[in-house]
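One file, my_file_34.pdb, is given below (PDB, C-alpha atoms (C1' of nucleotides)).
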```pdb
ATOM      1  CA  MET A   2      15.172 -19.019  22.261
ATOM      2  CA  PRO A   3      17.144 -17.611  19.337
ATOM      3  CA  THR A   4      15.608 -15.059  17.065
ATOM      4  CA  ASN A   5      16.225 -14.920  13.319
ATOM      5  CA  PRO A   6      18.334 -12.118  11.873
ATOM      6  CA  ARG A   7      16.579  -9.044  10.585
ATOM      7  CA  LEU A   8      17.321  -6.452   7.981
ATOM      8  CA  PRO A   9      19.255  -3.778   9.896
ATOM      9  CA  ARG A  10      18.693  -0.042   9.980
ATOM     10  CA  ARG A  11      21.367   0.604   7.367
ATOM     11  CA  PHE A  12      19.411  -1.487   4.851
ATOM     12  CA  PHE A  13      16.628   1.106   4.925
ATOM     13  CA  ARG A  14      18.939   4.128   4.845
ATOM     14  CA  ALA A  15      18.611   4.313   1.076
ATOM     15  CA  ASP A  16      16.772   6.257  -1.572
ATOM     16  CA  ALA A  17      13.292   4.926  -2.339
ATOM     17  CA  GLU A  18      14.127   3.499  -5.765
ATOM     18  CA  SER A  19      17.116   1.557  -4.462
ATOM     19  CA  LEU A  20      15.144   0.218  -1.528
ATOM     20  CA  ALA A  21      12.172  -0.751  -3.688
ATOM     21  CA  ARG A  22      14.571  -2.758  -5.836
ATOM     22  CA  LYS A  23      16.430  -4.327  -2.885
ATOM     23  CA  LEU A  24      13.251  -5.363  -1.085
ATOM     24  CA  LEU A  25      12.248  -7.765  -3.848
ATOM     25  CA  GLY A  26      12.853 -11.282  -2.564
ATOM     26  CA  GLN A  27      13.119 -10.253   1.113
ATOM     27  CA  ARG A  28      10.796 -11.701   3.725
ATOM     28  CA  LEU A  29       8.075  -9.740   5.535
ATOM     29  CA  VAL A  30       7.065 -11.336   8.852
ATOM     30  CA  ARG A  31       4.019 -10.684  11.012
ATOM     31  CA  ILE A  32       3.608 -12.169  14.493
ATOM     32  CA  LEU A  33      -0.008 -12.185  15.665
ATOM     33  CA  PRO A  34      -0.994 -11.644  19.304
ATOM     34  CA  ASP A  35      -1.491 -15.408  19.646
ATOM     35  CA  ARG A  36       2.103 -15.844  18.372
ATOM     36  CA  THR A  37       1.065 -17.217  14.982
ATOM     37  CA  ARG A  38       3.798 -16.424  12.479
ATOM     38  CA  LEU A  39       2.756 -15.168   9.034
ATOM     39  CA  ALA A  40       5.321 -14.496   6.326
ATOM     40  CA  GLY A  41       5.796 -13.922   2.644
ATOM     41  CA  LEU A  42       8.420 -12.925   0.110
ATOM     42  CA  ILE A  43       8.108  -9.437  -1.310
ATOM     43  CA  VAL A  44       7.388  -9.657  -5.040
ATOM     44  CA  GLU A  45       6.059  -6.162  -5.847
ATOM     45  CA  THR A  46       6.956  -2.685  -4.556
ATOM     46  CA  GLU A  47       6.583   0.970  -5.460
ATOM     47  CA  ALA A  48       8.931   3.859  -4.706
ATOM     48  CA  TYR A  49       7.534   7.205  -3.525
ATOM     49  CA  LEU A  50      10.093   9.964  -3.810
ATOM     50  CA  GLY A  51       8.755  12.585  -1.426
ATOM     51  CA  GLU A  52       8.926  16.342  -2.019
ATOM     52  CA  PRO A  53       9.156  16.396  -5.849
ATOM     53  CA  ASP A  54       6.814  13.423  -6.387
ATOM     54  CA  ALA A  55       3.249  14.486  -7.195
ATOM     55  CA  ALA A  56       2.000  10.996  -6.346
ATOM     56  CA  SER A  57       3.514  11.005  -2.850
ATOM     57  CA  HIS A  58       1.593  11.832   0.294
ATOM     58  CA  ALA A  59       4.620  14.019   1.098
ATOM     59  CA  TYR A  60       4.486  15.987  -2.178
ATOM     60  CA  ARG A  61       5.802  19.504  -1.530
ATOM     61  CA  ARG A  62       6.796  18.276   1.930
ATOM     62  CA  ARG A  63       3.175  18.074   2.921
ATOM     63  CA  ARG A  64       3.096  17.012   6.556
ATOM     64  CA  THR A  65      -0.152  16.091   8.300
ATOM     65  CA  PRO A  66      -1.186  13.802  11.165
ATOM     66  CA  ARG A  67      -1.759  11.014   8.652
ATOM     67  CA  ASN A  68       1.668  11.003   7.039
ATOM     68  CA  GLU A  69       3.727  12.006  10.077
ATOM     69  CA  ALA A  70       5.480   8.619  10.051
ATOM     70  CA  MET A  71       7.046   9.450   6.680
ATOM     71  CA  TYR A  72       9.286  11.947   8.491
ATOM     72  CA  ALA A  73      10.479   9.337  10.998
ATOM     73  CA  PRO A  74      13.798   7.446  10.760
ATOM     74  CA  PRO A  75      14.401   4.852   8.030
ATOM     75  CA  GLY A  76      12.963   1.483   8.965
ATOM     76  CA  THR A  77       9.750   2.987  10.349
ATOM     77  CA  SER A  78       6.394   1.687   9.137
ATOM     78  CA  TYR A  79       3.867   3.965   7.473
ATOM     79  CA  VAL A  80       0.361   2.473   7.435
ATOM     80  CA  TYR A  81      -2.487   4.549   6.075
ATOM     81  CA  PHE A  82      -6.221   4.051   5.609
ATOM     82  CA  THR A  83      -7.781   4.706   2.211
ATOM     83  CA  TYR A  84     -10.996   4.383   0.215
ATOM     84  CA  GLY A  85     -12.924   4.181   3.467
ATOM     85  CA  MET A  86     -12.023   0.528   3.943
ATOM     86  CA  HIS A  87      -8.431  -0.418   3.157
ATOM     87  CA  PHE A  88      -4.998  -0.161   4.738
ATOM     88  CA  CYS A  89      -1.699   0.075   2.865
ATOM     89  CA  PHE A  90       1.760  -0.620   4.303
ATOM     90  CA  ASN A  91       4.940   1.297   3.493
ATOM     91  CA  ILE A  92       8.517   1.208   4.701
ATOM     92  CA  VAL A  93      10.029   4.621   5.367
ATOM     93  CA  CYS A  94      13.539   5.107   3.996
ATOM     94  CA  GLY A  95      16.111   7.826   3.313
ATOM     95  CA  LYS A  96      17.144   9.924   6.301
ATOM     96  CA  THR A  97      15.116  11.147   9.241
ATOM     97  CA  ASN A  98      12.930  14.064   8.151
ATOM     98  CA  GLU A  99      13.260  13.066   4.505
ATOM     99  CA  PRO A 100       9.803  11.683   3.611
ATOM    100  CA  LEU A 101      10.680   8.783   1.312
ATOM    101  CA  ALA A 102       8.814   5.485   1.369
ATOM    102  CA  VAL A 103       8.326   2.183  -0.410
ATOM    103  CA  LEU A 104       4.809   0.772  -0.731
ATOM    104  CA  ILE A 105       4.683  -3.000  -0.374
ATOM    105  CA  ARG A 106       2.214  -4.159  -3.020
ATOM    106  CA  ALA A 107       2.359  -7.959  -3.049
ATOM    107  CA  LEU A 108       3.814 -10.983  -1.283
ATOM    108  CA  GLU A 109       4.312 -14.599  -2.150
ATOM    109  CA  PRO A 110       2.938 -16.260   1.010
ATOM    110  CA  THR A 111       5.343 -18.712   2.665
ATOM    111  CA  GLU A 112       4.031 -19.208   6.217
ATOM    112  CA  GLY A 113       0.605 -19.069   7.823
ATOM    113  CA  GLN A 114      -1.503 -19.223   4.683
ATOM    114  CA  GLN A 115      -4.354 -20.717   6.672
ATOM    115  CA  ALA A 116      -4.452 -17.771   9.065
ATOM    116  CA  MET A 117      -4.059 -15.369   6.151
ATOM    117  CA  ARG A 118      -7.073 -16.913   4.488
ATOM    118  CA  ARG A 119      -9.044 -16.574   7.694
ATOM    119  CA  ASN A 120      -8.076 -12.899   7.953
ATOM    120  CA  ARG A 121      -9.060 -12.279   4.352
ATOM    121  CA  LEU A 122     -12.479 -13.831   4.831
ATOM    122  CA  SER A 123     -13.497 -11.295   7.457
ATOM    123  CA  ALA A 124     -13.987  -7.578   6.855
ATOM    124  CA  PRO A 125     -14.740  -5.606   4.867
ATOM    125  CA  ARG A 126     -16.798  -8.102   2.924
ATOM    126  CA  PRO A 127     -17.071 -11.870   3.016
ATOM    127  CA  MET A 128     -16.001 -13.713  -0.091
ATOM    128  CA  PRO A 129     -18.102 -16.398  -1.702
ATOM    129  CA  LYS A 130     -15.344 -18.738  -2.893
ATOM    130  CA  PRO A 131     -12.105 -20.034  -1.387
ATOM    131  CA  ILE A 132      -9.203 -17.672  -1.998
ATOM    132  CA  ALA A 133      -6.411 -18.930  -4.241
ATOM    133  CA  ASP A 134      -2.870 -18.712  -2.877
ATOM    134  CA  THR A 135      -2.028 -16.271  -5.635
ATOM    135  CA  ALA A 136      -4.837 -13.948  -4.503
ATOM    136  CA  LEU A 137      -3.986 -13.993  -0.792
ATOM    137  CA  CYS A 138      -1.461 -11.126  -0.742
ATOM    138  CA  SER A 139      -1.598  -9.842  -4.337
ATOM    139  CA  GLY A 140      -2.312  -6.177  -3.692
ATOM    140  CA  PRO A 141      -1.394  -3.569  -1.072
ATOM    141  CA  ALA A 142      -4.727  -3.762   0.767
ATOM    142  CA  ARG A 143      -5.034  -7.518   0.383
ATOM    143  CA  LEU A 144      -1.691  -8.152   2.036
ATOM    144  CA  CYS A 145      -2.550  -5.820   4.900
ATOM    145  CA  GLN A 146      -5.773  -7.700   5.480
ATOM    146  CA  ALA A 147      -4.035 -11.085   5.236
ATOM    147  CA  LEU A 148      -1.327 -10.027   7.712
ATOM    148  CA  ALA A 149      -3.716  -8.108   9.994
ATOM    149  CA  ILE A 150      -1.810  -4.851   9.441
ATOM    150  CA  ASP A 151      -3.816  -1.832  10.538
ATOM    151  CA  ARG A 152      -3.422   1.605  12.115
ATOM    152  CA  SER A 153      -2.028   0.099  15.312
ATOM    153  CA  LEU A 154       1.164  -0.745  13.384
ATOM    154  CA  ASN A 155       1.651   2.742  11.958
ATOM    155  CA  GLY A 156       4.908   4.379  12.993
ATOM    156  CA  ILE A 157       6.529   1.335  14.563
ATOM    157  CA  ASP A 158      10.241   0.576  14.234
ATOM    158  CA  LEU A 159      10.521  -2.414  11.915
ATOM    159  CA  THR A 160      14.087  -3.098  13.048
ATOM    160  CA  THR A 161      13.058  -3.795  16.656
ATOM    161  CA  ASP A 162       9.308  -4.408  16.883
ATOM    162  CA  GLY A 163       8.161  -7.935  17.680
ATOM    163  CA  ARG A 164       4.957  -7.772  15.649
ATOM    164  CA  LEU A 165       6.140  -6.801  12.186
ATOM    165  CA  PHE A 166       9.638  -6.934  10.707
ATOM    166  CA  LEU A 167      11.785  -8.012   7.775
ATOM    167  CA  GLU A 168      14.172 -10.906   7.456
ATOM    168  CA  PRO A 169      16.823 -11.382   4.791
ATOM    169  CA  ALA A 170      15.759 -14.148   2.434
ATOM    170  CA  SER A 171      17.293 -15.692  -0.643
ATOM    171  CA  GLY A 172      20.105 -13.582  -2.070
ATOM    172  CA  PRO A 173      19.406 -10.583  -4.273
ATOM    173  CA  VAL A 174      16.992 -11.085  -7.142
ATOM    174  CA  ALA A 175      18.817 -11.152 -10.489
ATOM    175  CA  ASP A 176      18.453  -8.043 -12.612
ATOM    176  CA  ASP A 177      16.855  -9.920 -15.488
ATOM    177  CA  LEU A 178      14.056 -11.010 -13.147
ATOM    178  CA  VAL A 179      13.224  -7.446 -12.139
ATOM    179  CA  GLN A 180      10.643  -5.615 -14.201
ATOM    180  CA  ARG A 181       9.893  -1.896 -13.793
ATOM    181  CA  THR A 182       6.539  -0.340 -14.706
ATOM    182  CA  PRO A 183       4.580   2.815 -13.923
ATOM    183  CA  ARG A 184       2.922   2.884 -10.507
ATOM    184  CA  ILE A 185      -0.683   1.773 -10.030
ATOM    185  CA  GLY A 186      -3.529   4.144  -9.183
ATOM    186  CA  VAL A 187      -1.647   7.433  -9.469
ATOM    187  CA  ALA A 188      -3.059   8.782 -12.729
ATOM    188  CA  TYR A 189      -3.730  12.086 -10.974
ATOM    189  CA  ALA A 190       0.022  12.703 -10.640
ATOM    190  CA  GLY A 191       0.643  14.151 -14.105
ATOM    191  CA  ASP A 192       4.139  13.415 -15.433
ATOM    192  CA  TRP A 193       4.943  11.388 -12.345
ATOM    193  CA  ALA A 194       2.309   8.812 -13.268
ATOM    194  CA  ALA A 195       4.473   7.594 -16.137
ATOM    195  CA  ARG A 196       7.705   7.114 -14.196
ATOM    196  CA  PRO A 197       8.736   3.460 -13.898
ATOM    197  CA  LEU A 198       8.769   3.349 -10.104
ATOM    198  CA  ARG A 199       6.956   0.047  -9.635
ATOM    199  CA  PHE A 200       9.166  -3.033  -9.258
ATOM    200  CA  VAL A 201       7.954  -6.597  -9.745
ATOM    201  CA  ILE A 202       9.549 -10.003  -9.991
ATOM    202  CA  ARG A 203       8.967 -10.845 -13.629
ATOM    203  CA  GLY A 204       6.308 -13.483 -14.180
ATOM    204  CA  ASN A 205       5.644 -14.098 -10.472
ATOM    205  CA  PRO A 206       2.015 -15.243 -10.126
ATOM    206  CA  HIS A 207       1.514 -13.414  -6.808
ATOM    207  CA  ILE A 208       1.799  -9.861  -8.167
ATOM    208  CA  SER A 209      -1.255  -7.607  -8.260
ATOM    209  CA  ARG A 210      -1.608  -7.257 -12.046
ATOM    210  CA  LYS A 211      -0.718  -9.461 -14.920
ATOM    211  CA  THR A 212      -0.263  -6.726 -17.498
ATOM    212  CA  VAL A 213       1.590  -3.443 -17.531
ATOM    213  CA  PRO A 214      -0.816  -0.628 -16.731
ATOM    214  CA  LYS A 215      -1.572   1.731 -19.558
ATOM    215  CA  LEU A 216      -1.481   5.405 -18.819
ATOM    216  CA  ALA A 217      -4.886   6.845 -18.051
ATOM    217  CA  LYS A 218      -6.126  10.377 -18.533
ATOM    218  CA  PHE A 219      -4.280  13.453 -17.442
ATOM    219  CA  ARG A 220      -5.826  16.407 -15.724
TER
ATOM    220  C1'  DA B  21     -18.508  23.100   9.081
ATOM    221  C1'  DT B  22     -18.377  21.225   4.534
ATOM    222  C1'  DG B  23     -17.323  18.645   0.485
ATOM    223  C1'  DA B  24     -14.309  16.223  -2.773
ATOM    224  C1'  DC B  25     -11.390  12.596  -3.066
ATOM    225  C1'  DG B  26      -8.544   8.433  -2.600
ATOM    226  C1'  DA B  27      -0.906   4.758  -3.387
ATOM    227  C1'  DT B  28      -8.168  -0.373  -3.618
ATOM    228  C1'  DT B  29     -11.002  -4.272  -4.147
ATOM    229  C1'  DT B  30     -14.952  -6.597  -5.589
ATOM    230  C1'  DA B  31     -18.966  -7.643  -8.264
ATOM    231  C1'  DC B  32     -21.138  -7.347 -12.329
ATOM    232  C1'  DT B  33     -22.190  -6.464 -17.728
TER
ATOM    233  C1'  DG C  26     -14.763  -3.295 -19.732
ATOM    234  C1'  DT C  27     -17.741  -0.180 -15.613
ATOM    235  C1'  DA C  28     -19.421   0.914 -11.058
ATOM    236  C1'  DA C  29     -20.257   0.429  -6.147
ATOM    237  C1'  DA C  30     -18.640   0.142  -1.520
ATOM    238  C1'  DT C  31     -17.331   3.292   2.344
ATOM    239  C1'  DC C  32     -15.293   6.946   5.458
ATOM    240  C1'  DG C  33     -11.005   9.224   7.151
ATOM    241  C1'  DT C  34      -8.491  13.039   5.723
ATOM    242  C1'  DC C  35      -7.478  17.503   4.201
ATOM    243  C1'  DA C  36      -8.087  21.890   1.824
ATOM    244  C1'  DT C  37     -11.194  25.526   1.861
ATOM    245  C1'  DA C  38     -14.121  28.800   4.067
TER
END
```

Since I need it in another form, could you write the structure as structure tokens?
Amino acid sequence: MPTNPRLPRRFFRADAESLARKLLGQRLVRILPDRTRLAGLIVETEAYLGEPDAASHAYRRRRTPRNEAMYAPPGTSYVYFTYGMHFCFNIVCGKTNEPLAVLIRALEPTEGQQAMRRNRLSAPRPMPKPIADTALCSGPARLCQALAIDRSLNGIDLTTDGRLFLEPASGPVADDLVQRTPRIGVAYAGDWAARPLRFVIRGNPHISRKTVPKLAKFR
DNA sequence: ATGACGATTTACT
DNA sequence: GTAAATCGTCATA
């Protein structure tokens, strides 16, 4: 049976800012072990620029077991565990050995919302009320939970793997629909905290925050 | 071996 | 608006 086209390797062979911009409107697809297909359109991303970027896990070319996947070829996944309970999913870009990545921060769910909701209702904590569609994948850890993305998907090749990949969706998002803001949760990064490296589809209800973050304290 | 911290989310005032 | 949850990771020693 025919398989849908995917974004090819060359799509990811780009600097992090360009890729973060180009990923808006593209489709992220997750196939579960039972063959359930989950998918959503990317509506929020953040670029992490590697060596010079104080907010990046690869700042000063730091290389540890955790972030090893950042040094892999473009189109590799980088999934990391944080705050003792959450996973976040990135797409590695640039060239091999150049630790650039784009964090996927929110999706507009398009397929498998029922299964997503089921995934969200399990760990780490049950939720009291039904989850609105706009809250299903509106945050980097939420979307990982909804799509059942965990450590087992770290370092995989998104251009060939059958479990997690990207498909081209509606054409490029128009420039006037793209809004840039500072990145979320990187106040520790000094000057880099203020750089407008977060990309969102303006006004989309599935993004993680409604308002532009204000700059928190330095240190 | 130890301790400080985190590319977050949720509940609660 | 503030704080708790929760533990792998990494720098330091």

Run through the PyMOL selection byres ((chain B) within 10 of (chain A)) on the given coordinates and return the selected residues as an NGL selection string. :B and (25-30)

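Note that CA of Glu52 (chain A) and CA of Arg64 (chain A) are 10.4 Å apart.
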
Which residues, named as in the file, does the PyMOL selection byres ((chain C) within 10 of (chain A)) pick out? Answer as a ChimeraX atom specification. /C:30-35

Show me the residues around (-19.5, 28.3, 10.0) - criterion: an atom at most 10 Å away, only C-alpha atoms (C1' of nucleotides) counted - as a list in words.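 Residues satisfying the cut-off, written out: DA21 and DT22 of chain B; DA38 of chain C.
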
Suppose a student applies the PyMOL selection byres ((chain A and resi 111) around 12) to this structure; what residues should they get, written as a list in words?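 On this input, the PyMOL selection byres ((chain A and resi 111) around 12) captures Gly26, Gln27, Arg28, Leu29, Val30, Arg31, Arg38, Leu39, Ala40, Gly41, Leu42, Ile43, Leu108, Glu109, Pro110, Glu112, Gly113, Gln114, Gln115, Ala116, Met117, Asp134, Thr135, Leu137, Cys138, Ala170 and His207 of chain A.
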
Taking C-alpha atoms for each residue, export the selection above as a compact mmCIF listing (two decimals), keeping the file's coordinate frame.
```
# COMPACT_ATOMS: atom_id res chain seq x y z
CA GLY A 26 12.85 -11.28 -2.56
CA GLN A 27 13.12 -10.25 1.11
CA ARG A 28 10.80 -11.70 3.72
CA LEU A 29 8.07 -9.74 5.54
CA VAL A 30 7.06 -11.34 8.85
CA ARG A 31 4.02 -10.68 11.01
CA ARG A 38 3.80 -16.42 12.48
CA LEU A 39 2.76 -15.17 9.03
CA ALA A 40 5.32 -14.50 6.33
CA GLY A 41 5.80 -13.92 2.64
CA LEU A 42 8.42 -12.92 0.11
CA ILE A 43 8.11 -9.44 -1.31
CA LEU A 108 3.81 -10.98 -1.28
CA GLU A 109 4.31 -14.60 -2.15
CA PRO A 110 2.94 -16.26 1.01
CA GLU A 112 4.03 -19.21 6.22
CA GLY A 113 0.60 -19.07 7.82
CA GLN A 114 -1.50 -19.22 4.68
CA GLN A 115 -4.35 -20.72 6.67
CA ALA A 116 -4.45 -17.77 9.06
CA MET A 117 -4.06 -15.37 6.15
CA ASP A 134 -2.87 -18.71 -2.88
CA THR A 135 -2.03 -16.27 -5.64
CA LEU A 137 -3.99 -13.99 -0.79
CA CYS A 138 -1.46 -11.13 -0.74
CA ALA A 170 15.76 -14.15 2.43
CA HIS A 207 1.51 -13.41 -6.81
```

Axis-aligned box for chain B, 4 Å per side, centre and edges in Å as AutoDock Vina command-line options:
```
--center_x -11.5 --center_y 7.7 --center_z -4.3 --size_x 29.3 --size_y 38.7 --size_z 34.8
```

What separates CA of Phe200 (chain A) and CA of Gln180 (chain A) is a distance of 5.8 Å

Take CA of Arg119 (chain A) and CA of Ser139 (chain A) and report the distance between them in Å, one decimal.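 CA of Ser139 (chain A) lies 15.7 Å from CA of Arg119 (chain A).
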